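Source file: query_11.txt (compact mmCIF, C-alpha atoms and all ligand atoms)
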```
# COMPACT_ATOMS: atom_id res chain seq x y z
CA MET P 1 8.75 33.73 -10.84
CA ILE P 2 9.48 31.61 -13.86
CA GLN P 3 12.29 29.90 -12.04
CA LEU P 4 9.94 29.01 -9.24
CA TYR P 5 7.23 27.94 -11.58
CA ILE P 6 9.20 25.33 -13.48
CA PRO P 7 10.23 23.11 -10.59
CA LEU P 8 6.81 23.37 -9.01
CA ASN P 9 5.22 22.39 -12.23
CA PHE P 10 7.65 19.53 -12.56
CA LEU P 11 6.86 18.39 -9.05
CA GLY P 12 3.20 18.58 -9.97
CA VAL P 13 3.79 16.05 -12.71
CA ILE P 14 5.62 13.76 -10.34
CA TYR P 15 2.85 14.23 -7.81
CA ARG P 16 0.20 13.08 -10.25
CA GLU P 17 2.21 10.09 -11.37
CA ILE P 18 3.00 9.03 -7.86
CA LYS P 19 -0.52 9.53 -6.70
CA GLN P 20 -1.69 7.26 -9.43
CA SER P 21 0.72 4.47 -8.73
CA LEU P 22 0.80 4.61 -4.91
CA THR P 23 4.55 4.90 -5.12
CA ASP P 24 6.47 6.55 -2.33
CA LEU P 25 3.61 8.46 -0.92
CA ASP P 26 5.48 9.63 2.12
CA ARG P 27 8.13 11.37 0.10
CA MET P 28 5.59 13.02 -2.05
CA PHE P 29 3.78 14.51 0.88
CA THR P 30 6.94 15.85 2.40
CA LEU P 31 7.79 17.47 -0.91
CA LEU P 32 4.41 18.85 -1.65
CA GLU P 33 2.55 19.65 1.47
CA SER P 34 0.86 22.47 -0.43
CA ASP P 35 -0.47 20.54 -3.42
CA ARG P 36 -3.55 19.10 -1.86
CA GLU P 37 -6.97 18.39 -3.11
CA VAL P 38 -8.20 17.83 0.39
CA ALA P 39 -7.43 20.07 3.35
CA ASP P 40 -7.45 19.57 7.10
CA ALA P 41 -10.70 20.65 8.71
CA PRO P 42 -10.05 23.59 11.08
CA SER P 43 -11.18 21.40 13.95
CA ALA P 44 -9.08 18.39 12.86
CA LEU P 45 -7.41 16.44 15.65
CA PRO P 46 -4.58 13.92 15.46
CA LEU P 47 -5.73 10.38 14.69
CA ARG P 48 -6.11 8.36 17.88
CA ILE P 49 -5.26 4.67 17.72
CA GLU P 50 -6.71 2.83 20.68
CA ASP P 51 -4.34 -0.12 20.76
CA HIS P 52 -0.94 0.25 19.11
CA SER P 53 -0.12 -3.38 19.70
CA ARG P 54 -2.87 -4.41 17.26
CA GLY P 55 -3.54 -1.44 15.01
CA PRO P 56 -6.93 0.22 14.55
CA GLU P 57 -10.22 -1.01 13.13
CA VAL P 58 -10.74 0.27 9.58
CA ARG P 59 -14.29 0.67 8.37
CA PHE P 60 -15.63 1.65 4.95
CA GLU P 61 -19.32 2.55 5.23
CA ASN P 62 -21.39 2.84 2.04
CA VAL P 63 -18.51 4.49 0.22
CA SER P 64 -19.29 5.79 -3.25
CA PHE P 65 -16.64 7.52 -5.27
CA HIS P 66 -15.86 8.89 -8.72
CA TYR P 67 -12.78 10.62 -10.11
CA GLU P 68 -14.85 12.19 -12.86
CA SER P 69 -18.53 12.82 -12.36
CA ASN P 70 -19.56 10.93 -15.48
CA ARG P 71 -18.00 7.66 -14.33
CA GLN P 72 -18.80 6.14 -10.96
CA ILE P 73 -15.90 3.99 -9.70
CA LEU P 74 -17.09 2.70 -6.29
CA HIS P 75 -20.71 1.92 -5.50
CA GLU P 76 -21.74 1.81 -1.84
CA VAL P 77 -18.74 -0.21 -0.73
CA SER P 78 -18.88 -1.40 2.89
CA PHE P 79 -16.45 -3.59 4.79
CA VAL P 80 -14.64 -3.75 8.11
CA ILE P 81 -11.02 -4.72 8.70
CA PRO P 82 -11.00 -5.67 12.38
CA ALA P 83 -8.00 -4.39 14.36
CA GLY P 84 -4.84 -6.39 13.73
CA THR P 85 -6.22 -8.52 10.89
CA ILE P 86 -5.46 -8.91 7.20
CA THR P 87 -7.98 -8.14 4.48
CA ALA P 88 -7.09 -8.82 0.87
CA VAL P 89 -8.83 -7.27 -2.11
CA VAL P 90 -8.93 -9.10 -5.42
CA GLY P 91 -10.69 -8.50 -8.70
CA ARG P 92 -9.91 -7.84 -12.30
CA SER P 93 -7.96 -4.82 -13.48
CA GLY P 94 -9.92 -1.60 -13.06
CA ALA P 95 -12.31 -3.06 -10.46
CA GLY P 96 -11.36 -0.31 -7.98
CA LYS P 97 -8.86 -2.05 -5.69
CA SER P 98 -6.18 0.65 -5.64
CA THR P 99 -8.85 3.30 -5.33
CA LEU P 100 -9.71 1.88 -1.89
CA ALA P 101 -6.11 2.43 -0.79
CA ARG P 102 -6.02 5.95 -2.24
CA LEU P 103 -9.17 6.82 -0.33
CA LEU P 104 -7.82 5.37 2.91
CA PHE P 105 -4.75 7.58 2.52
CA ARG P 106 -7.14 10.42 1.78
CA PHE P 107 -5.79 11.40 -1.57
CA TYR P 108 -9.39 12.08 -2.41
CA ASP P 109 -12.52 12.51 -0.34
CA VAL P 110 -15.41 10.14 -0.82
CA GLN P 111 -18.59 11.59 -2.31
CA LYS P 112 -20.89 9.39 -0.24
CA GLY P 113 -20.46 7.35 2.89
CA GLN P 114 -17.47 7.49 5.21
CA ILE P 115 -14.18 5.88 6.12
CA LEU P 116 -13.62 5.41 9.84
CA ILE P 117 -10.42 4.50 11.66
CA ASP P 118 -11.12 3.47 15.23
CA GLY P 119 -14.41 5.30 14.84
CA GLN P 120 -12.90 8.57 13.55
CA ASP P 121 -13.99 9.85 10.15
CA ILE P 122 -10.73 10.42 8.27
CA ARG P 123 -12.02 13.77 7.03
CA GLU P 124 -11.92 14.96 10.61
CA VAL P 125 -8.36 14.02 11.53
CA GLN P 126 -5.10 15.76 10.73
CA GLN P 127 -3.76 14.33 7.52
CA ALA P 128 -0.19 14.28 8.73
CA SER P 129 -1.19 11.94 11.55
CA LEU P 130 -3.26 9.78 9.19
CA ARG P 131 -0.38 9.33 6.77
CA GLN P 132 2.07 8.76 9.57
CA SER P 133 -0.08 5.84 10.67
CA ILE P 134 -0.16 4.11 7.29
CA GLY P 135 2.80 2.33 5.75
CA ILE P 136 2.69 1.46 2.09
CA VAL P 137 4.70 -1.19 0.35
CA PRO P 138 4.15 -0.19 -3.27
CA GLN P 139 4.42 -2.39 -6.35
CA ASP P 140 7.41 -0.57 -7.59
CA THR P 141 9.61 1.17 -5.08
CA VAL P 142 11.48 4.22 -6.29
CA LEU P 143 15.02 4.41 -4.95
CA PHE P 144 16.78 7.70 -4.39
CA ASN P 145 20.22 8.23 -5.84
CA ASP P 146 21.83 7.80 -2.48
CA THR P 147 23.20 5.02 -0.31
CA ILE P 148 21.25 1.89 0.48
CA GLY P 149 21.39 2.95 4.15
CA TYR P 150 19.74 6.27 3.32
CA ASN P 151 17.10 4.53 1.26
CA ILE P 152 16.14 2.31 4.17
CA ALA P 153 16.37 5.10 6.75
CA TYR P 154 13.89 7.03 4.70
CA GLY P 155 11.19 5.21 6.66
CA ARG P 156 12.21 7.15 9.75
CA PRO P 157 14.49 10.13 9.43
CA GLY P 158 16.98 10.13 12.27
CA ALA P 159 17.05 6.34 12.66
CA THR P 160 20.29 5.04 14.12
CA GLU P 161 22.64 2.68 12.27
CA GLN P 162 21.58 -0.13 14.57
CA GLU P 163 17.92 0.47 13.85
CA ILE P 164 18.58 0.53 10.11
CA ALA P 165 20.54 -2.71 10.31
CA ALA P 166 17.78 -4.35 12.38
CA ALA P 167 15.15 -3.34 9.81
CA ALA P 168 17.35 -4.67 6.99
CA ARG P 169 17.74 -7.96 8.87
CA ALA P 170 14.02 -8.31 9.39
CA ALA P 171 13.43 -7.60 5.69
CA GLN P 172 16.04 -10.28 4.89
CA MET P 173 18.33 -7.77 3.21
CA SER P 174 21.31 -7.83 5.53
CA GLN P 175 23.19 -10.66 3.80
CA PHE P 176 22.76 -8.95 0.49
CA ILE P 177 23.98 -5.63 1.90
CA ASP P 178 26.94 -7.18 3.68
CA HIS P 179 28.15 -8.48 0.33
CA LEU P 180 27.99 -5.06 -1.32
CA PRO P 181 31.34 -3.33 -1.92
CA GLU P 182 30.66 -0.58 0.59
CA GLY P 183 27.91 -2.15 2.68
CA TYR P 184 25.28 0.34 3.76
CA ALA P 185 27.27 3.17 2.13
CA THR P 186 26.87 1.64 -1.35
CA GLN P 187 25.24 4.01 -3.82
CA VAL P 188 22.02 2.69 -5.38
CA GLY P 189 19.48 4.06 -7.80
CA GLU P 190 19.86 5.20 -11.35
CA ARG P 191 23.41 6.37 -10.87
CA GLY P 192 24.45 3.51 -8.64
CA LEU P 193 23.81 -0.16 -8.15
CA LYS P 194 20.58 -1.34 -9.73
CA LEU P 195 18.40 -3.53 -7.56
CA SER P 196 15.99 -6.16 -8.80
CA GLY P 197 12.24 -5.78 -8.27
CA GLY P 198 12.35 -8.16 -5.30
CA GLU P 199 15.29 -6.34 -3.70
CA LYS P 200 13.55 -3.00 -4.11
CA GLN P 201 10.45 -4.39 -2.48
CA ARG P 202 12.61 -5.50 0.44
CA VAL P 203 13.89 -1.93 0.79
CA ALA P 204 10.26 -0.84 1.00
CA ILE P 205 9.59 -3.49 3.65
CA ALA P 206 12.62 -2.35 5.68
CA ARG P 207 11.44 1.27 5.42
CA THR P 208 8.02 0.30 6.63
CA LEU P 209 9.45 -1.67 9.53
CA LEU P 210 11.34 1.44 10.59
CA LYS P 211 8.30 3.63 10.26
CA GLN P 212 6.24 1.27 12.45
CA PRO P 213 2.85 2.32 11.13
CA SER P 214 -0.25 0.88 12.72
CA MET P 215 -1.84 0.24 9.32
CA LEU P 216 -0.24 -1.37 6.33
CA VAL P 217 -1.17 -1.30 2.66
CA PHE P 218 0.64 -3.88 0.62
CA ASP P 219 0.30 -3.37 -3.11
CA GLU P 220 1.39 -6.67 -4.55
CA ALA P 221 3.46 -6.58 -7.72
CA THR P 222 1.69 -8.04 -10.74
CA SER P 223 4.84 -9.64 -12.10
CA ALA P 224 5.12 -13.40 -11.72
CA LEU P 225 7.53 -14.66 -9.10
CA ASP P 226 9.27 -18.00 -8.84
CA SER P 227 7.90 -20.12 -6.04
CA LYS P 228 10.95 -19.63 -3.78
CA THR P 229 10.74 -15.83 -3.98
CA GLU P 230 7.01 -16.04 -3.51
CA ARG P 231 7.40 -18.07 -0.32
CA ALA P 232 10.04 -15.67 1.03
CA LEU P 233 7.81 -12.70 0.27
CA GLN P 234 4.93 -14.43 1.97
CA GLU P 235 6.97 -14.83 5.14
CA GLU P 236 8.07 -11.20 5.10
CA LEU P 237 4.52 -10.07 4.59
CA THR P 238 3.34 -12.14 7.53
CA GLY P 239 6.06 -10.56 9.70
CA LEU P 240 5.21 -7.09 8.48
CA ALA P 241 1.49 -7.50 9.09
CA ARG P 242 1.99 -8.61 12.68
CA ASN P 243 0.56 -6.10 15.17
CA ARG P 244 -1.04 -3.99 12.50
CA THR P 245 -4.19 -3.73 10.44
CA THR P 246 -3.41 -4.73 6.89
CA LEU P 247 -4.94 -4.25 3.47
CA ILE P 248 -3.41 -6.25 0.63
CA ILE P 249 -4.16 -5.39 -2.97
CA ALA P 250 -3.57 -8.83 -4.37
CA HIS P 251 -2.92 -10.16 -7.82
CA ARG P 252 -1.80 -13.67 -7.02
CA LEU P 253 -4.34 -15.56 -5.00
CA SER P 254 -1.69 -17.86 -3.56
CA THR P 255 -0.39 -14.89 -1.50
CA ILE P 256 -3.67 -14.39 0.29
CA VAL P 257 -4.90 -17.89 1.08
CA HIS P 258 -4.35 -17.14 4.77
CA ALA P 259 -5.89 -13.68 4.83
CA ASP P 260 -8.57 -13.24 7.53
CA GLN P 261 -10.93 -11.86 4.92
CA ILE P 262 -10.94 -11.63 1.14
CA LEU P 263 -13.04 -9.08 -0.72
CA VAL P 264 -13.78 -9.78 -4.36
CA MET P 265 -14.43 -6.59 -6.31
CA ASP P 266 -16.10 -6.23 -9.65
CA HIS P 267 -16.93 -2.94 -11.32
CA GLY P 268 -16.61 -1.02 -8.07
CA ARG P 269 -18.73 -3.35 -5.96
CA VAL P 270 -17.83 -5.98 -3.41
CA VAL P 271 -19.43 -9.05 -4.96
CA GLU P 272 -18.10 -11.74 -2.62
CA ARG P 273 -16.43 -11.78 0.77
CA GLY P 274 -15.11 -14.43 3.12
CA THR P 275 -12.05 -16.54 3.82
CA HIS P 276 -10.35 -18.47 1.05
CA GLN P 277 -12.16 -21.66 2.00
CA GLU P 278 -15.54 -19.97 2.29
CA LEU P 279 -15.13 -18.45 -1.15
CA ILE P 280 -14.01 -21.73 -2.68
CA ASN P 281 -17.12 -23.37 -1.20
CA LEU P 282 -19.25 -20.55 -2.58
CA ASP P 283 -18.11 -21.65 -6.02
CA GLY P 284 -18.53 -18.18 -7.55
CA VAL P 285 -16.21 -15.54 -9.01
CA TYR P 286 -13.35 -16.22 -6.59
CA ALA P 287 -13.50 -19.97 -7.10
CA GLN P 288 -13.27 -19.39 -10.85
CA MET P 289 -10.28 -17.08 -10.42
CA TRP P 290 -8.63 -19.68 -8.22
CA GLN P 291 -9.14 -22.43 -10.79
CA MET P 292 -7.76 -20.21 -13.51
CA GLN P 293 -4.64 -19.25 -11.58
CA LYS P 294 -4.05 -22.85 -10.63
CA ARG P 295 -4.23 -23.91 -14.27
CA GLN P 296 -1.82 -21.13 -15.24
CA GLY P 297 0.49 -22.17 -12.41
CA ASP P 298 0.40 -25.77 -13.58
CA ASP P 299 1.39 -24.71 -17.08
CA VAL P 300 4.55 -22.94 -15.92
P1 LIG F 401 -5.39 -2.77 -11.30
O1 LIG F 401 -5.54 -4.18 -10.82
O2 LIG F 401 -5.22 -2.72 -12.79
O3 LIG F 401 -4.38 -1.96 -10.56
P2 LIG F 401 -7.60 -1.58 -9.80
O4 LIG F 401 -8.68 -2.55 -9.48
O5 LIG F 401 -6.62 -1.25 -8.74
O6 LIG F 401 -6.83 -2.05 -11.11
P3 LIG F 401 -8.17 1.25 -9.82
O7 LIG F 401 -6.76 1.71 -10.02
O8 LIG F 401 -8.76 1.40 -8.49
O9 LIG F 401 -8.33 -0.26 -10.31
O10 LIG F 401 -9.07 2.00 -10.89
C1 LIG F 401 -10.48 1.85 -10.95
C2 LIG F 401 -10.99 2.64 -12.12
O11 LIG F 401 -10.78 4.02 -11.89
C3 LIG F 401 -10.33 2.31 -13.45
O12 LIG F 401 -11.32 2.23 -14.43
C4 LIG F 401 -9.43 3.49 -13.70
O13 LIG F 401 -9.33 3.74 -15.08
C5 LIG F 401 -10.15 4.63 -13.01
N1 LIG F 401 -9.19 5.63 -12.50
C6 LIG F 401 -8.15 5.41 -11.69
N2 LIG F 401 -7.51 6.56 -11.39
C7 LIG F 401 -8.16 7.54 -12.04
C8 LIG F 401 -8.00 8.96 -12.14
N3 LIG F 401 -7.02 9.59 -11.47
N4 LIG F 401 -8.86 9.65 -12.90
C9 LIG F 401 -9.86 9.02 -13.55
N5 LIG F 401 -10.09 7.69 -13.51
C10 LIG F 401 -9.25 6.95 -12.77
```

Represent the structure from my file as structure tokens, please.
Amino acid sequence: MIQLYIPLNFLGVIYREIKQSLTDLDRMFTLLESDREVADAPSALPLRIEDHSRGPEVRFENVSFHYESNRQILHEVSFVIPAGTITAVVGRSGAGKSTLARLLFRFYDVQKGQILIDGQDIREVQQASLRQSIGIVPQDTVLFNDTIGYNIAYGRPGATEQEIAAAARAAQMSQFIDHLPEGYATQVGERGLKLSGGEKQRVAIARTLLKQPSMLVFDEATSALDSKTERALQEELTGLARNRTTLIIAHRLSTIVHADQILVMDHGRVVERGTHQELINLDGVYAQMWQMQKRQGDDV
């Protein structure tokens, strides 16, 4: 009993940490199918996506949410991400941006309102199918102590070598891998080759490409990037978002200038929404953030 208890407890700790940081959600759920705060409804059906070539419509309707009852985090949040489009969420730290992604993945149930994917309340679909449909590129990708090939293939167990190589190419990793001493068989992770933040994010992109989810959550890293890396990342993101419905949790406004819709959050409310140009013209919170980031950029 004790033997069983220790690893489960340990996994519980990992679970909480991962849940908080949106890191490697898929792995966590495979490991810990049992540790759930939310359960499938007995009548739950698999999520139906009407058009896989575009991704589904995602709709938050009057969503209110708290982690602890004495502190409301989201207040009546409503927005629609039309099928196949990109919505970016910005706002200062603690505004509730990552909480939106956690709710979409159904880590927690909302206390008021509903989240609909192609018209289906996510509380009424099988969680496995929901999570299978969402790919997450987290801020900080955890690599397993295994080969780089395994780490990419993690997106789709059973993927062939050709499929893995194609995903690596699309994530612009293949040159890097070809120069490694043992190519795809090179050990990475704590006990192997260490990858930079950007390289790890590419692994996450390759994984997601293999998984082919119809929805994508991109949790942008807060760390500053040089303009060349930033441009490359921008291109990869555009490729990744093609044919799917995308939510970007953004920290650098330059990444999201071309988003179809930008939501500005403040203290758990959407205070502004529109395209980059519309929000600049509005001359409100977003325009101020833009001016500030431009000034900071100019200083570098
Ligand atoms: P950042 O840009 O810093 O990542 P964010 O806008 O993504 O911030 P969230 O992570 O959504 O913010 O957090 C919103 C609020 O909810 C914060 O005040 C945070 O402290 C609180 N919060 C987040 N997770 C939990 C939790 N598990 N339990 C209690 N409060 C939490």

### Query
Suppose you want the space between CA of Val217 (chain P) and CA of Val125 (chain P); what is it in Å?
19.1 Å

Per residue of chain P within 6 Å of ligand LIG 401 (chain F), record the nearest atom pair and its distance in Å to one decimal, counting all atoms listed in the file, with rows in chain order and ascending residue number, as a tab-separated table.
```
residue	atom	partner	partner_atom	distance
P:Tyr67	CA	F:LIG401	C9	4.8
P:Glu68	CA	F:LIG401	C9	6.0
P:Ile73	CA	F:LIG401	O11	5.6
P:Arg92	CA	F:LIG401	O1	5.9
P:Ser93	CA	F:LIG401	O2	3.5
P:Gly94	CA	F:LIG401	O9	3.4
P:Ala95	CA	F:LIG401	O4	3.8
P:Gly96	CA	F:LIG401	O8	3.2
P:Lys97	CA	F:LIG401	O4	3.8
P:Ser98	CA	F:LIG401	O5	3.7
P:Thr99	CA	F:LIG401	O8	3.7
```

### Ref. answer, residues at most 7 Å from (-4.3, 13.7, 14.5) with all atoms listed in the file, as number ranges by chain
P: 44-48, 125-126, 129-130

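Between His251 (chain P) and the residues P:Gly189, P:Gly198, P:Pro181, P:Gly91, the shortest atom-to-atom distance, using only C-alpha atoms, involves P:Gly91.
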
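Picture a line from CA of Gly149 (chain P) to CA of Phe218 (chain P); it runs 22.1 Å.
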
### Task
Neighbourhood query: residues within 8 Å of (-15.7, -0.8, -0.3), file coordinates, counting only C-alpha atoms; return as a PyMOL selection string.
chain P and resi 60-63+74-79+100+268-270

### Task
Just the residues within 10 Å of Ala39 (chain P), please, counting only C-alpha atoms, with nothing from its chain fewer than 6 positions along; format it as a ChimeraX atom specification.
/P:106,109,123-124,126-127

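Atom pair CA of Gln277 (chain P) / CA of Met292 (chain P) has a distance of 16.2 Å (rounded to one decimal).
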
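Using all atoms listed in the file, the residues found no farther than 10 Å from Leu263 (chain P), other than those of its own chain fewer than 4 positions away, are Phe79, Thr87, Ala88, Val89, Val90, Gly91, Lys97, Ile249, Arg269, Val270, Val271, Glu272, Arg273, Gly274, Thr275, His276, Leu279 and Tyr286 of chain P.
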
With a cut-off of 8 Å, could you pull out the residues of region 110-215 of chain P touching region 244-247 of chain P and give me the nearest pair of atoms for each, distance in Å to one decimal, using only C-alpha atoms, ordered by chain and ascending number, as JSON lines?
```
{"residue": "P:Pro213", "atom": "CA", "partner": "P:Arg244", "partner_atom": "CA", "distance": 7.5}
{"residue": "P:Ser214", "atom": "CA", "partner": "P:Arg244", "partner_atom": "CA", "distance": 4.9}
{"residue": "P:Met215", "atom": "CA", "partner": "P:Thr245", "partner_atom": "CA", "distance": 4.7}
```

Can you write out as a tab-separated table which residues of region 185-247 of chain P fall within 8 Å of region 156-160 of chain P, alongside each residue's closest atom pair and its distance in Å to one decimal, counting all atoms listed in the file and ordering rows by chain and ascending residue number?
```
residue	atom	partner	partner_atom	distance
P:Arg207	CA	P:Arg156	CA	7.3
P:Leu210	CA	P:Arg156	CA	5.8
P:Lys211	CA	P:Arg156	CA	5.3
```

Please, could N, CA and C atoms be added to region 230-246 of chain P and the result written as a PDB file, in the frame of the given file?
```pdb
ATOM      1  N   GLU P 230       8.388 -16.226  -3.967  1.00  0.00           N
ATOM      2  CA  GLU P 230       7.010 -16.040  -3.510  1.00  0.00           C
ATOM      3  C   GLU P 230       6.871 -16.471  -2.048  1.00  0.00           C
ATOM      4  N   ARG P 231       7.482 -17.591  -1.706  1.00  0.00           N
ATOM      5  CA  ARG P 231       7.400 -18.070  -0.320  1.00  0.00           C
ATOM      6  C   ARG P 231       8.096 -17.100   0.626  1.00  0.00           C
ATOM      7  N   ALA P 232       9.278 -16.611   0.188  1.00  0.00           N
ATOM      8  CA  ALA P 232      10.040 -15.670   1.030  1.00  0.00           C
ATOM      9  C   ALA P 232       9.212 -14.402   1.251  1.00  0.00           C
ATOM     10  N   LEU P 233       8.607 -13.927   0.184  1.00  0.00           N
ATOM     11  CA  LEU P 233       7.810 -12.700   0.270  1.00  0.00           C
ATOM     12  C   LEU P 233       6.628 -12.907   1.215  1.00  0.00           C
ATOM     13  N   GLN P 234       6.057 -14.080   1.114  1.00  0.00           N
ATOM     14  CA  GLN P 234       4.930 -14.430   1.970  1.00  0.00           C
ATOM     15  C   GLN P 234       5.321 -14.346   3.445  1.00  0.00           C
ATOM     16  N   GLU P 235       6.511 -14.868   3.750  1.00  0.00           N
ATOM     17  CA  GLU P 235       6.970 -14.830   5.140  1.00  0.00           C
ATOM     18  C   GLU P 235       7.195 -13.401   5.605  1.00  0.00           C
ATOM     19  N   GLU P 236       7.806 -12.590   4.724  1.00  0.00           N
ATOM     20  CA  GLU P 236       8.070 -11.200   5.100  1.00  0.00           C
ATOM     21  C   GLU P 236       6.753 -10.448   5.330  1.00  0.00           C
ATOM     22  N   LEU P 237       5.814 -10.740   4.476  1.00  0.00           N
ATOM     23  CA  LEU P 237       4.520 -10.070   4.590  1.00  0.00           C
ATOM     24  C   LEU P 237       3.850 -10.431   5.912  1.00  0.00           C
ATOM     25  N   THR P 238       3.936 -11.703   6.269  1.00  0.00           N
ATOM     26  CA  THR P 238       3.340 -12.140   7.530  1.00  0.00           C
ATOM     27  C   THR P 238       3.996 -11.402   8.693  1.00  0.00           C
ATOM     28  N   GLY P 239       5.325 -11.278   8.640  1.00  0.00           N
ATOM     29  CA  GLY P 239       6.060 -10.560   9.700  1.00  0.00           C
ATOM     30  C   GLY P 239       5.640  -9.104   9.751  1.00  0.00           C
ATOM     31  N   LEU P 240       5.521  -8.513   8.579  1.00  0.00           N
ATOM     32  CA  LEU P 240       5.210  -7.090   8.480  1.00  0.00           C
ATOM     33  C   LEU P 240       3.797  -6.791   8.984  1.00  0.00           C
ATOM     34  N   ALA P 241       2.898  -7.723   8.732  1.00  0.00           N
ATOM     35  CA  ALA P 241       1.490  -7.500   9.090  1.00  0.00           C
ATOM     36  C   ALA P 241       1.238  -7.709  10.574  1.00  0.00           C
ATOM     37  N   ARG P 242       2.196  -8.323  11.260  1.00  0.00           N
ATOM     38  CA  ARG P 242       1.990  -8.610  12.680  1.00  0.00           C
ATOM     39  C   ARG P 242       1.784  -7.300  13.447  1.00  0.00           C
ATOM     40  N   ASN P 243       0.852  -7.287  14.339  1.00  0.00           N
ATOM     41  CA  ASN P 243       0.560  -6.100  15.170  1.00  0.00           C
ATOM     42  C   ASN P 243       0.024  -4.911  14.404  1.00  0.00           C
ATOM     43  N   ARG P 244      -0.430  -5.128  13.185  1.00  0.00           N
ATOM     44  CA  ARG P 244      -1.040  -3.990  12.500  1.00  0.00           C
ATOM     45  C   ARG P 244      -2.237  -4.435  11.663  1.00  0.00           C
ATOM     46  N   THR P 245      -3.023  -3.465  11.269  1.00  0.00           N
ATOM     47  CA  THR P 245      -4.190  -3.730  10.440  1.00  0.00           C
ATOM     48  C   THR P 245      -3.754  -3.619   8.986  1.00  0.00           C
ATOM     49  N   THR P 246      -4.033  -4.650   8.210  1.00  0.00           N
ATOM     50  CA  THR P 246      -3.410  -4.730   6.890  1.00  0.00           C
ATOM     51  C   THR P 246      -4.418  -4.886   5.755  1.00  0.00           C
TER      52      THR P 246
END
```
